[in-house]
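Colleague: This is the content of run_8.cif (mmCIF, C-alpha atoms):
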data_my_file
loop_
_atom_site.label_atom_id
_atom_site.label_comp_id
_atom_site.auth_asym_id
_atom_site.auth_seq_id
_atom_site.Cartn_x
_atom_site.Cartn_y
_atom_site.Cartn_z
CA MET A 981 -125.72 68.62 43.45
CA LEU A 982 -125.08 71.55 41.09
CA GLY A 983 -125.85 71.10 37.42
CA ILE A 984 -123.65 72.86 34.87
CA VAL A 985 -124.72 73.19 31.25
CA MET A 986 -121.41 73.09 29.40
CA LEU A 987 -120.37 74.35 26.00
CA ASP A 988 -118.62 71.85 23.73
CA THR A 989 -115.02 72.82 24.53
CA VAL A 990 -111.53 71.36 24.80
CA PHE A 991 -109.57 74.26 26.32
CA PRO A 992 -107.93 73.90 29.79
CA ARG A 993 -110.09 74.43 32.86
CA PRO A 994 -107.91 75.15 35.91
CA LEU A 995 -109.14 75.23 39.50
CA GLY A 996 -111.67 78.02 39.84
CA ASP A 997 -113.11 77.56 36.35
CA ILE A 998 -116.84 76.78 36.32
CA GLY A 999 -116.14 73.56 34.40
CA ASN A 1000 -113.67 72.14 36.93
CA PRO A 1001 -115.60 70.02 39.48
CA ALA A 1002 -112.90 70.70 42.11
CA THR A 1003 -113.92 74.38 42.05
CA PHE A 1004 -116.92 73.58 44.25
CA PRO A 1005 -117.22 72.10 47.75
CA PHE A 1006 -120.26 70.05 46.70
CA PRO A 1007 -120.95 67.52 43.90
CA THR A 1008 -121.49 68.76 40.37
CA ARG A 1009 -122.89 67.19 37.23
CA LEU A 1010 -121.74 68.49 33.84
CA HIS A 1011 -123.88 68.23 30.72
CA LYS A 1012 -122.11 69.11 27.48
CA VAL A 1013 -124.24 70.53 24.66
CA SER A 1014 -122.86 69.07 21.45
CA ARG A 1015 -121.68 71.58 18.81
CA ALA A 1016 -122.13 74.52 21.22
CA SER A 1017 -118.73 76.09 20.59
CA PRO A 1018 -117.67 79.41 22.11
CA GLN A 1019 -117.88 80.96 18.65
CA LYS A 1020 -121.45 79.70 18.21
CA VAL A 1021 -122.61 81.14 21.54
CA ILE A 1022 -120.58 84.37 21.62
CA PHE A 1023 -120.72 85.41 17.97
CA GLU A 1024 -123.93 83.72 16.81
CA ARG A 1025 -125.97 84.08 20.03
CA ALA A 1026 -126.54 80.29 20.18
CA SER A 1027 -128.80 80.60 17.15
CA GLY A 1028 -130.74 77.40 16.54
CA MET A 1029 -129.48 75.79 19.74
CA VAL A 1030 -131.73 77.17 22.48
CA ASP A 1031 -133.81 73.99 22.55
CA ASP A 1032 -130.61 72.01 23.12
CA PHE A 1033 -129.77 74.14 26.14
CA VAL A 1034 -133.31 73.79 27.47
CA GLN A 1035 -133.09 70.01 27.15
CA ALA A 1036 -129.72 69.97 28.90
CA ALA A 1037 -131.16 71.92 31.84
CA ARG A 1038 -134.16 69.58 32.02
CA ASP A 1039 -131.88 66.53 31.95
CA LEU A 1040 -129.80 67.93 34.83
CA GLU A 1041 -132.95 68.62 36.83
CA SER A 1042 -134.19 65.08 36.23
CA GLN A 1043 -130.85 63.76 37.49
CA GLY A 1044 -131.34 65.44 40.84
CA CYS A 1045 -129.56 68.78 40.48
CA LYS A 1046 -130.85 71.38 42.95
CA ALA A 1047 -129.60 74.39 40.97
CA ILE A 1048 -128.26 74.87 37.44
CA VAL A 1049 -125.79 77.28 35.84
CA THR A 1050 -123.99 77.40 32.50
CA SER A 1051 -120.40 77.70 31.35
CA CYS A 1052 -120.83 80.86 29.26
CA GLY A 1053 -122.14 84.25 30.31
CA PHE A 1054 -123.34 85.03 26.80
CA LEU A 1055 -126.22 82.61 27.37
CA ALA A 1056 -127.78 85.48 29.34
CA LEU A 1057 -129.85 86.14 26.23
CA HIS A 1058 -131.77 82.93 26.90
CA GLN A 1059 -132.13 83.18 30.69
CA GLN A 1060 -135.89 83.54 30.73
CA ILE A 1061 -136.58 80.68 28.30
CA ILE A 1062 -134.36 78.18 30.08
CA ALA A 1063 -135.38 79.24 33.59
CA ALA A 1064 -139.04 78.79 32.69
CA ALA A 1065 -138.36 75.24 31.49
CA VAL A 1066 -137.13 73.91 34.87
CA GLN A 1067 -138.37 73.97 38.46
CA VAL A 1068 -135.00 74.52 40.15
CA PRO A 1069 -133.05 77.81 40.33
CA PHE A 1070 -131.24 78.59 37.07
CA ALA A 1071 -128.61 81.23 36.33
CA SER A 1072 -127.37 81.54 32.77
CA SER A 1073 -124.73 84.13 33.57
CA SER A 1074 -122.99 86.14 36.26
CA LEU A 1075 -124.85 89.09 34.72
CA CYS A 1076 -127.75 87.94 36.90
CA TRP A 1077 -125.87 89.72 39.71
CA LEU A 1078 -126.28 93.16 38.11
CA PRO A 1079 -129.50 94.48 39.70
CA THR A 1080 -128.23 93.59 43.17
CA LEU A 1081 -124.81 95.09 42.52
CA TYR A 1082 -126.35 98.31 41.20
CA LEU A 1083 -128.30 98.69 44.43
CA ALA A 1084 -125.31 97.79 46.60
CA PHE A 1085 -122.74 100.01 44.90
CA GLY A 1086 -124.71 103.09 43.91
CA GLY A 1087 -125.69 102.49 40.30
CA ALA A 1088 -124.59 100.97 37.02
CA ARG A 1089 -121.62 103.26 36.45
CA HIS A 1090 -120.00 101.93 39.62
CA VAL A 1091 -120.11 98.28 38.49
CA GLY A 1092 -117.53 97.35 35.88
CA ILE A 1093 -117.80 94.24 33.72
CA LEU A 1094 -114.91 92.15 32.40
CA THR A 1095 -115.95 90.05 29.43
CA ALA A 1096 -114.55 87.61 26.91
CA SER A 1097 -115.63 89.91 24.08
CA SER A 1098 -116.74 93.51 24.49
CA ALA A 1099 -117.63 93.68 20.79
CA ASN A 1100 -120.28 90.99 21.28
CA LEU A 1101 -121.61 91.79 24.75
CA GLY A 1102 -124.40 94.22 23.93
CA PRO A 1103 -127.49 95.91 25.36
CA ALA A 1104 -129.66 92.82 24.86
CA HIS A 1105 -127.43 90.65 27.07
CA LEU A 1106 -127.59 93.16 29.90
CA ALA A 1107 -131.18 94.34 29.57
CA VAL A 1108 -132.69 90.86 29.78
CA LEU A 1109 -131.20 90.55 33.28
CA GLY A 1110 -131.85 94.09 34.46
CA GLY A 1111 -128.45 95.41 33.47
CA SER A 1112 -127.44 98.63 31.77
CA MET A 1113 -124.85 99.73 29.23
CA ASP A 1114 -123.97 102.47 31.75
CA SER A 1115 -121.79 99.81 33.34
CA PRO A 1116 -118.21 100.18 32.05
CA ILE A 1117 -117.28 97.12 29.98
CA ALA A 1118 -113.78 95.88 29.23
CA GLY A 1119 -113.18 92.93 26.90
CA MET A 1120 -110.24 90.65 26.28
CA PRO A 1121 -108.17 91.79 23.27
CA VAL A 1122 -108.80 89.88 20.05
CA ASP A 1123 -105.05 89.25 19.68
CA SER A 1124 -104.66 87.90 23.22
CA GLU A 1125 -103.70 84.37 24.25
CA PHE A 1126 -107.12 84.26 25.92
CA ALA A 1127 -108.86 84.86 22.60
CA ARG A 1128 -106.70 82.28 20.85
CA VAL A 1129 -107.19 79.53 23.44
CA ILE A 1130 -110.56 80.16 25.12
CA VAL A 1131 -112.61 81.83 22.41
CA GLY A 1132 -110.78 79.83 19.75
CA ASN A 1133 -111.27 76.61 21.77
CA GLN A 1134 -107.74 75.21 21.65
CA PRO A 1135 -106.69 72.18 23.76
CA GLN A 1136 -103.45 73.78 24.93
CA GLY A 1137 -102.40 77.28 25.87
CA ASP A 1138 -100.23 79.41 28.11
CA MET A 1139 -102.49 79.69 31.16
CA GLN A 1140 -100.06 81.90 33.06
CA ARG A 1141 -100.12 84.36 30.18
CA ILE A 1142 -103.92 84.18 30.04
CA HIS A 1143 -104.20 84.93 33.74
CA ALA A 1144 -101.78 87.85 33.35
CA GLU A 1145 -103.93 89.20 30.51
CA MET A 1146 -107.02 89.07 32.74
CA LEU A 1147 -105.20 90.99 35.48
CA ALA A 1148 -104.04 93.57 32.96
CA LEU A 1149 -107.62 94.01 31.75
CA ALA A 1150 -108.80 94.63 35.30
CA ASP A 1151 -105.96 97.10 35.89
CA ASP A 1152 -106.94 99.00 32.76
CA LEU A 1153 -110.62 99.05 33.74
CA VAL A 1154 -110.05 100.70 37.11
CA ALA A 1155 -107.37 103.03 35.71
CA THR A 1156 -109.71 104.39 33.03
CA GLN A 1157 -112.91 104.13 35.10
CA PRO A 1158 -111.89 105.03 38.65
CA GLN A 1159 -115.52 105.39 39.73
CA VAL A 1160 -115.91 101.59 39.47
CA ARG A 1161 -116.48 100.21 42.96
CA ALA A 1162 -117.11 96.55 42.09
CA ILE A 1163 -116.09 94.22 39.27
CA LEU A 1164 -118.25 91.54 37.68
CA LEU A 1165 -116.65 88.75 35.65
CA GLU A 1166 -118.94 87.84 32.76
CA CYS A 1167 -116.67 85.07 31.59
CA THR A 1168 -116.79 81.80 33.53
CA ASN A 1169 -113.11 81.20 32.73
CA MET A 1170 -112.07 84.31 34.70
CA PRO A 1171 -112.85 83.18 38.30
CA PRO A 1172 -109.43 81.48 38.70
CA VAL A 1173 -107.99 85.01 38.95
CA ALA A 1174 -110.90 86.62 40.83
CA GLN A 1175 -109.00 86.82 44.11
CA ALA A 1176 -105.92 88.23 42.40
CA ILE A 1177 -108.06 90.86 40.64
CA ALA A 1178 -109.63 91.87 43.94
CA GLN A 1179 -106.22 92.21 45.57
CA ARG A 1180 -104.76 94.17 42.65
CA THR A 1181 -107.67 96.56 42.19
CA GLY A 1182 -108.96 96.90 45.74
CA ARG A 1183 -112.48 96.18 44.45
CA PRO A 1184 -114.75 93.27 45.37
CA VAL A 1185 -115.16 90.78 42.51
CA PHE A 1186 -118.30 88.84 41.64
CA ASP A 1187 -118.70 85.90 39.25
CA LEU A 1188 -120.90 82.93 38.35
CA VAL A 1189 -118.97 80.60 40.66
CA GLY A 1190 -120.03 82.76 43.60
CA LEU A 1191 -123.61 82.94 42.35
CA ALA A 1192 -123.70 79.15 41.97
CA ARG A 1193 -122.58 78.78 45.58
CA GLN A 1194 -125.37 81.14 46.65
CA LEU A 1195 -127.97 79.18 44.73
CA MET A 1196 -126.80 75.92 46.30
CA ALA A 1197 -126.78 77.48 49.79
#
Using structure tokens, write down the structure that the file contains.

Modeller:
Amino acid sequence: MLGIVMLDTVFPRPLGDIGNPATFPFPTRLHKVSRASPQKVIFERASGMVDDFVQAARDLESQGCKAIVTSCGFLALHQQIIAAAVQVPFASSSLCWLPTLYLAFGGARHVGILTASSANLGPAHLAVLGGSMDSPIAGMPVDSEFARVIVGNQPQGDMQRIHAEMLALADDLVATQPQVRAILLECTNMPPVAQAIAQRTGRPVFDLVGLARQLMA
């Protein structure tokens, strides 16, 4: 059973999203951290809430989970603290992929990152997991439907428009950074369009859903 430490959200989670149990071919157990809004984690770095995330991971472990992930890549900042608190594999973020991808694709400049917010994804998030700001980063526009619904945590939204915005972001990344050979999705709400991004860009796509499957394997 996979444990997923969830933010406190109400936005839609289609198939492929980390928070949709049908995304995985094995059982999952979700543990919501109360008051952990996207704004709190993305903009405020989960200030004052790290102990809550640690407790959530411990609770999932005690309930029999064999590996644990989260529902927000910005929790990368707290990877080491949470991982040290449990005895099962823990991945806070798809950014955990970065050292392997750098080796596989010839360095940081060849691995592009799509994120919920490029303004808030900084050196500290990458460095703690062995990443580098040499990786090209593209973030969802602040006036996008994605920002309104996902970052703004709204219960309803135009998911087709959101998926189109993600594809457009990927298109722009490879158009402006043609040296990118692989794409990493920081945001756990982006995997529903991972396959479409790979087909559109001709680049392999990596995300936390795939890393969770690896941990469970």

Colleague: Suppose a student applies the PyMOL selection byres ((chain A and resi 1137) around 12) to this structure; what residues should they get, written as a tab-separated table (two decimals) with C-alpha atoms, in the frame of the given file?

Modeller:
chain	number	residue	atom	x	y	z
A	990	VAL	CA	-111.53	71.36	24.80
A	991	PHE	CA	-109.57	74.26	26.32
A	992	PRO	CA	-107.93	73.90	29.79
A	993	ARG	CA	-110.09	74.43	32.86
A	994	PRO	CA	-107.91	75.15	35.91
A	1124	SER	CA	-104.66	87.90	23.22
A	1125	GLU	CA	-103.70	84.37	24.25
A	1126	PHE	CA	-107.12	84.26	25.92
A	1127	ALA	CA	-108.86	84.86	22.60
A	1128	ARG	CA	-106.70	82.28	20.85
A	1129	VAL	CA	-107.19	79.53	23.44
A	1130	ILE	CA	-110.56	80.16	25.12
A	1131	VAL	CA	-112.61	81.83	22.41
A	1132	GLY	CA	-110.78	79.83	19.75
A	1133	ASN	CA	-111.27	76.61	21.77
A	1134	GLN	CA	-107.74	75.21	21.65
A	1135	PRO	CA	-106.69	72.18	23.76
A	1136	GLN	CA	-103.45	73.78	24.93
A	1138	ASP	CA	-100.23	79.41	28.11
A	1139	MET	CA	-102.49	79.69	31.16
A	1140	GLN	CA	-100.06	81.90	33.06
A	1141	ARG	CA	-100.12	84.36	30.18
A	1142	ILE	CA	-103.92	84.18	30.04
A	1143	HIS	CA	-104.20	84.93	33.74

Colleague: So how far away is atom CA of A:Ala1197 from atom CA of A:Pro1018, in Å?

Modeller: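 Atom-to-atom, atom CA of A:Pro1018 to atom CA of A:Ala1197, that is 29.2 Å.
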
Colleague: Convert the output of the PyMOL selection byres ((chain A and resi 1056-1062) around 8) on the shown file into explicit residues, formatted as a ChimeraX atom specification.

Modeller: /A:1025,1030,1033-1034,1037,1053-1055,1063-1066,1070-1073,1075-1076,1104-1106,1108-1109

Colleague: I need the residue set behind the PyMOL selection byres ((chain A and resi 1146) around 9) for this file; please write it as a PyMOL selection string.

Modeller: chain A and resi 1094+1120+1126+1141-1145+1147-1151+1170+1173+1177

Colleague: Closest to A:Gln1157 among A:Gln1194, A:Ser1115, A:Gln1179, A:Ser1027, using only C-alpha atoms?

Modeller: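 Using only C-alpha atoms, the shortest distance to A:Gln1157 belongs to A:Ser1115.
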
Colleague: State, in Å with one decimal place, the distance from atom CA of A:Gln1035 to atom CA of A:Phe1186.

Modeller: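 Between these atoms lies a distance of 28.0 Å.
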
Colleague: Between atom CA of A:Ile1048 and atom CA of A:Gly1086, what is the distance in Å, rounded to a tenth?

Modeller: 29.2 Å

Colleague: Calculated over all atoms listed in the file, which of the candidates A:Ala1176, A:Val1091, A:Ala1096, A:Ile1022 has the smallest distance to A:Arg1161?

Modeller: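 Counting all atoms listed in the file, the residue closest to A:Arg1161 is A:Val1091.
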
Colleague: Residues near A:His1090, anyone? I mean within 12 Å using all atoms listed in the file, not counting same-chain ones fewer than 4 positions away, as a PyMOL selection string.

Modeller: chain A and resi 1078+1081-1086+1112-1117+1153-1154+1157-1164+1183-1184

Colleague: Looking at all atoms listed in the file, which of A:Met1196, A:Leu987, A:Val1122, A:Leu982 is the one that sits closest to A:Lys1020?

Modeller: A:Leu987

Colleague: Write out as a list in words each polymer residue whose atoms come within 10 Å of A:Ser1051, counting all atoms listed in the file; drop sequence neighbours fewer than 3 positions from it.

Modeller: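 Here the qualifying residues turn out to be Ile984, Val985, Met986, Leu987, Asp988, Thr989, Asp997, Ile998, Gly999, Leu1010, Lys1012, Pro1018, Phe1054, Leu1055, Ser1072, Ser1073, Cys1167, Thr1168, Asn1169, Leu1188 and Val1189 of chain A.
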
Colleague: Under the rule that only C-alpha atoms are counted, which of A:Val1049, A:Val1068, A:Leu1101, A:Ala1118 is the nearest residue to A:Glu1024?

Modeller: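 Closest to A:Glu1024, using only C-alpha atoms: A:Leu1101.
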
Colleague: Using 3 Å of padding on each side, determine the axis-aligned box around all atoms of stretch 1183-1189 of chain A present in the file and give its centre and edge lengths in Å to one decimal, as JSON.

Modeller:
{"center_x": -116.7, "center_y": 88.4, "center_z": 41.9, "size_x": 14.4, "size_y": 21.6, "size_z": 13.0}

Colleague: Check the smallest atom-to-atom distance from each of A:Arg1089, A:Gln1019, A:Gln1043, A:Met981 to A:Pro1001 using all atoms listed in the file, then report the winner.

Modeller: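 Using all atoms listed in the file, the shortest distance to A:Pro1001 belongs to A:Met981.
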
Colleague: With the input short on atoms, add N, CA and C atoms back to stretch 1155-1191 of chain A and write it as a PDB file, keeping the file's coordinate frame.

Modeller:
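Contents of result-v2.pdb, freshly written:
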ATOM      1  N   ALA A1155    -108.179 101.847  36.020  1.00  0.00           N
ATOM      2  CA  ALA A1155    -107.370 103.030  35.710  1.00  0.00           C
ATOM      3  C   ALA A1155    -108.160 104.023  34.862  1.00  0.00           C
ATOM      4  N   THR A1156    -108.950 103.515  33.931  1.00  0.00           N
ATOM      5  CA  THR A1156    -109.710 104.390  33.030  1.00  0.00           C
ATOM      6  C   THR A1156    -111.096 104.733  33.571  1.00  0.00           C
ATOM      7  N   GLN A1157    -111.580 103.909  34.514  1.00  0.00           N
ATOM      8  CA  GLN A1157    -112.910 104.130  35.100  1.00  0.00           C
ATOM      9  C   GLN A1157    -112.795 104.083  36.622  1.00  0.00           C
ATOM     10  N   PRO A1158    -112.151 105.080  37.206  1.00  0.00           N
ATOM     11  CA  PRO A1158    -111.890 105.030  38.650  1.00  0.00           C
ATOM     12  C   PRO A1158    -113.140 105.045  39.521  1.00  0.00           C
ATOM     13  N   GLN A1159    -114.282 105.403  38.953  1.00  0.00           N
ATOM     14  CA  GLN A1159    -115.520 105.390  39.730  1.00  0.00           C
ATOM     15  C   GLN A1159    -116.043 103.983  39.984  1.00  0.00           C
ATOM     16  N   VAL A1160    -115.474 102.980  39.301  1.00  0.00           N
ATOM     17  CA  VAL A1160    -115.910 101.590  39.470  1.00  0.00           C
ATOM     18  C   VAL A1160    -115.600 101.130  40.893  1.00  0.00           C
ATOM     19  N   ARG A1161    -116.619 100.646  41.582  1.00  0.00           N
ATOM     20  CA  ARG A1161    -116.480 100.210  42.960  1.00  0.00           C
ATOM     21  C   ARG A1161    -116.552  98.689  43.101  1.00  0.00           C
ATOM     22  N   ALA A1162    -117.010  98.006  42.075  1.00  0.00           N
ATOM     23  CA  ALA A1162    -117.110  96.550  42.090  1.00  0.00           C
ATOM     24  C   ALA A1162    -116.898  96.039  40.680  1.00  0.00           C
ATOM     25  N   ILE A1163    -116.382  94.822  40.575  1.00  0.00           N
ATOM     26  CA  ILE A1163    -116.090  94.220  39.270  1.00  0.00           C
ATOM     27  C   ILE A1163    -116.853  92.912  39.134  1.00  0.00           C
ATOM     28  N   LEU A1164    -117.520  92.762  37.995  1.00  0.00           N
ATOM     29  CA  LEU A1164    -118.250  91.540  37.680  1.00  0.00           C
ATOM     30  C   LEU A1164    -117.547  90.828  36.529  1.00  0.00           C
ATOM     31  N   LEU A1165    -117.285  89.549  36.694  1.00  0.00           N
ATOM     32  CA  LEU A1165    -116.650  88.750  35.650  1.00  0.00           C
ATOM     33  C   LEU A1165    -117.719  88.041  34.843  1.00  0.00           C
ATOM     34  N   GLU A1166    -117.961  88.524  33.625  1.00  0.00           N
ATOM     35  CA  GLU A1166    -118.940  87.840  32.760  1.00  0.00           C
ATOM     36  C   GLU A1166    -118.484  86.448  32.412  1.00  0.00           C
ATOM     37  N   CYS A1167    -117.207  86.318  32.113  1.00  0.00           N
ATOM     38  CA  CYS A1167    -116.670  85.070  31.590  1.00  0.00           C
ATOM     39  C   CYS A1167    -116.440  84.053  32.711  1.00  0.00           C
ATOM     40  N   THR A1168    -116.930  82.833  32.507  1.00  0.00           N
ATOM     41  CA  THR A1168    -116.790  81.800  33.530  1.00  0.00           C
ATOM     42  C   THR A1168    -115.384  81.203  33.581  1.00  0.00           C
ATOM     43  N   ASN A1169    -114.517  81.641  32.682  1.00  0.00           N
ATOM     44  CA  ASN A1169    -113.110  81.200  32.730  1.00  0.00           C
ATOM     45  C   ASN A1169    -112.238  82.195  33.480  1.00  0.00           C
ATOM     46  N   MET A1170    -112.826  83.288  33.969  1.00  0.00           N
ATOM     47  CA  MET A1170    -112.070  84.310  34.700  1.00  0.00           C
ATOM     48  C   MET A1170    -111.993  84.088  36.215  1.00  0.00           C
ATOM     49  N   PRO A1171    -112.911  83.346  36.846  1.00  0.00           N
ATOM     50  CA  PRO A1171    -112.850  83.180  38.300  1.00  0.00           C
ATOM     51  C   PRO A1171    -111.540  82.644  38.863  1.00  0.00           C
ATOM     52  N   PRO A1172    -110.717  81.874  38.116  1.00  0.00           N
ATOM     53  CA  PRO A1172    -109.430  81.480  38.700  1.00  0.00           C
ATOM     54  C   PRO A1172    -108.552  82.651  39.118  1.00  0.00           C
ATOM     55  N   VAL A1173    -108.789  83.842  38.568  1.00  0.00           N
ATOM     56  CA  VAL A1173    -107.990  85.010  38.950  1.00  0.00           C
ATOM     57  C   VAL A1173    -108.818  86.040  39.705  1.00  0.00           C
ATOM     58  N   ALA A1174    -110.021  85.669  40.145  1.00  0.00           N
ATOM     59  CA  ALA A1174    -110.900  86.620  40.830  1.00  0.00           C
ATOM     60  C   ALA A1174    -110.231  87.200  42.080  1.00  0.00           C
ATOM     61  N   GLN A1175    -109.636  86.337  42.877  1.00  0.00           N
ATOM     62  CA  GLN A1175    -109.000  86.820  44.110  1.00  0.00           C
ATOM     63  C   GLN A1175    -107.832  87.747  43.795  1.00  0.00           C
ATOM     64  N   ALA A1176    -107.052  87.394  42.788  1.00  0.00           N
ATOM     65  CA  ALA A1176    -105.920  88.230  42.400  1.00  0.00           C
ATOM     66  C   ALA A1176    -106.399  89.585  41.873  1.00  0.00           C
ATOM     67  N   ILE A1177    -107.505  89.594  41.127  1.00  0.00           N
ATOM     68  CA  ILE A1177    -108.060  90.860  40.640  1.00  0.00           C
ATOM     69  C   ILE A1177    -108.517  91.725  41.798  1.00  0.00           C
ATOM     70  N   ALA A1178    -109.174  91.112  42.773  1.00  0.00           N
ATOM     71  CA  ALA A1178    -109.630  91.870  43.940  1.00  0.00           C
ATOM     72  C   ALA A1178    -108.452  92.481  44.693  1.00  0.00           C
ATOM     73  N   GLN A1179    -107.389  91.715  44.852  1.00  0.00           N
ATOM     74  CA  GLN A1179    -106.220  92.210  45.570  1.00  0.00           C
ATOM     75  C   GLN A1179    -105.532  93.330  44.795  1.00  0.00           C
ATOM     76  N   ARG A1180    -105.440  93.178  43.479  1.00  0.00           N
ATOM     77  CA  ARG A1180    -104.760  94.170  42.650  1.00  0.00           C
ATOM     78  C   ARG A1180    -105.533  95.476  42.561  1.00  0.00           C
ATOM     79  N   THR A1181    -106.853  95.367  42.443  1.00  0.00           N
ATOM     80  CA  THR A1181    -107.670  96.560  42.190  1.00  0.00           C
ATOM     81  C   THR A1181    -108.263  97.178  43.450  1.00  0.00           C
ATOM     82  N   GLY A1182    -108.321  96.404  44.525  1.00  0.00           N
ATOM     83  CA  GLY A1182    -108.960  96.900  45.740  1.00  0.00           C
ATOM     84  C   GLY A1182    -110.473  96.934  45.631  1.00  0.00           C
ATOM     85  N   ARG A1183    -111.036  96.238  44.644  1.00  0.00           N
ATOM     86  CA  ARG A1183    -112.480  96.180  44.450  1.00  0.00           C
ATOM     87  C   ARG A1183    -112.981  94.753  44.684  1.00  0.00           C
ATOM     88  N   PRO A1184    -114.168  94.606  45.267  1.00  0.00           N
ATOM     89  CA  PRO A1184    -114.750  93.270  45.370  1.00  0.00           C
ATOM     90  C   PRO A1184    -115.090  92.736  43.980  1.00  0.00           C
ATOM     91  N   VAL A1185    -114.960  91.423  43.812  1.00  0.00           N
ATOM     92  CA  VAL A1185    -115.160  90.780  42.510  1.00  0.00           C
ATOM     93  C   VAL A1185    -116.274  89.742  42.630  1.00  0.00           C
ATOM     94  N   PHE A1186    -117.167  89.753  41.663  1.00  0.00           N
ATOM     95  CA  PHE A1186    -118.300  88.840  41.640  1.00  0.00           C
ATOM     96  C   PHE A1186    -118.276  88.027  40.347  1.00  0.00           C
ATOM     97  N   ASP A1187    -118.727  86.769  40.424  1.00  0.00           N
ATOM     98  CA  ASP A1187    -118.700  85.900  39.250  1.00  0.00           C
ATOM     99  C   ASP A1187    -119.764  84.821  39.371  1.00  0.00           C
ATOM    100  N   LEU A1188    -119.869  83.971  38.355  1.00  0.00           N
ATOM    101  CA  LEU A1188    -120.900  82.930  38.350  1.00  0.00           C
ATOM    102  C   LEU A1188    -120.584  81.827  39.340  1.00  0.00           C
ATOM    103  N   VAL A1189    -119.319  81.590  39.640  1.00  0.00           N
ATOM    104  CA  VAL A1189    -118.970  80.600  40.660  1.00  0.00           C
ATOM    105  C   VAL A1189    -119.576  81.002  41.999  1.00  0.00           C
ATOM    106  N   GLY A1190    -119.443  82.283  42.354  1.00  0.00           N
ATOM    107  CA  GLY A1190    -120.030  82.760  43.600  1.00  0.00           C
ATOM    108  C   GLY A1190    -121.539  82.684  43.594  1.00  0.00           C
ATOM    109  N   LEU A1191    -122.147  83.007  42.449  1.00  0.00           N
ATOM    110  CA  LEU A1191    -123.610  82.940  42.350  1.00  0.00           C
ATOM    111  C   LEU A1191    -124.083  81.491  42.462  1.00  0.00           C
TER     112      LEU A1191
END
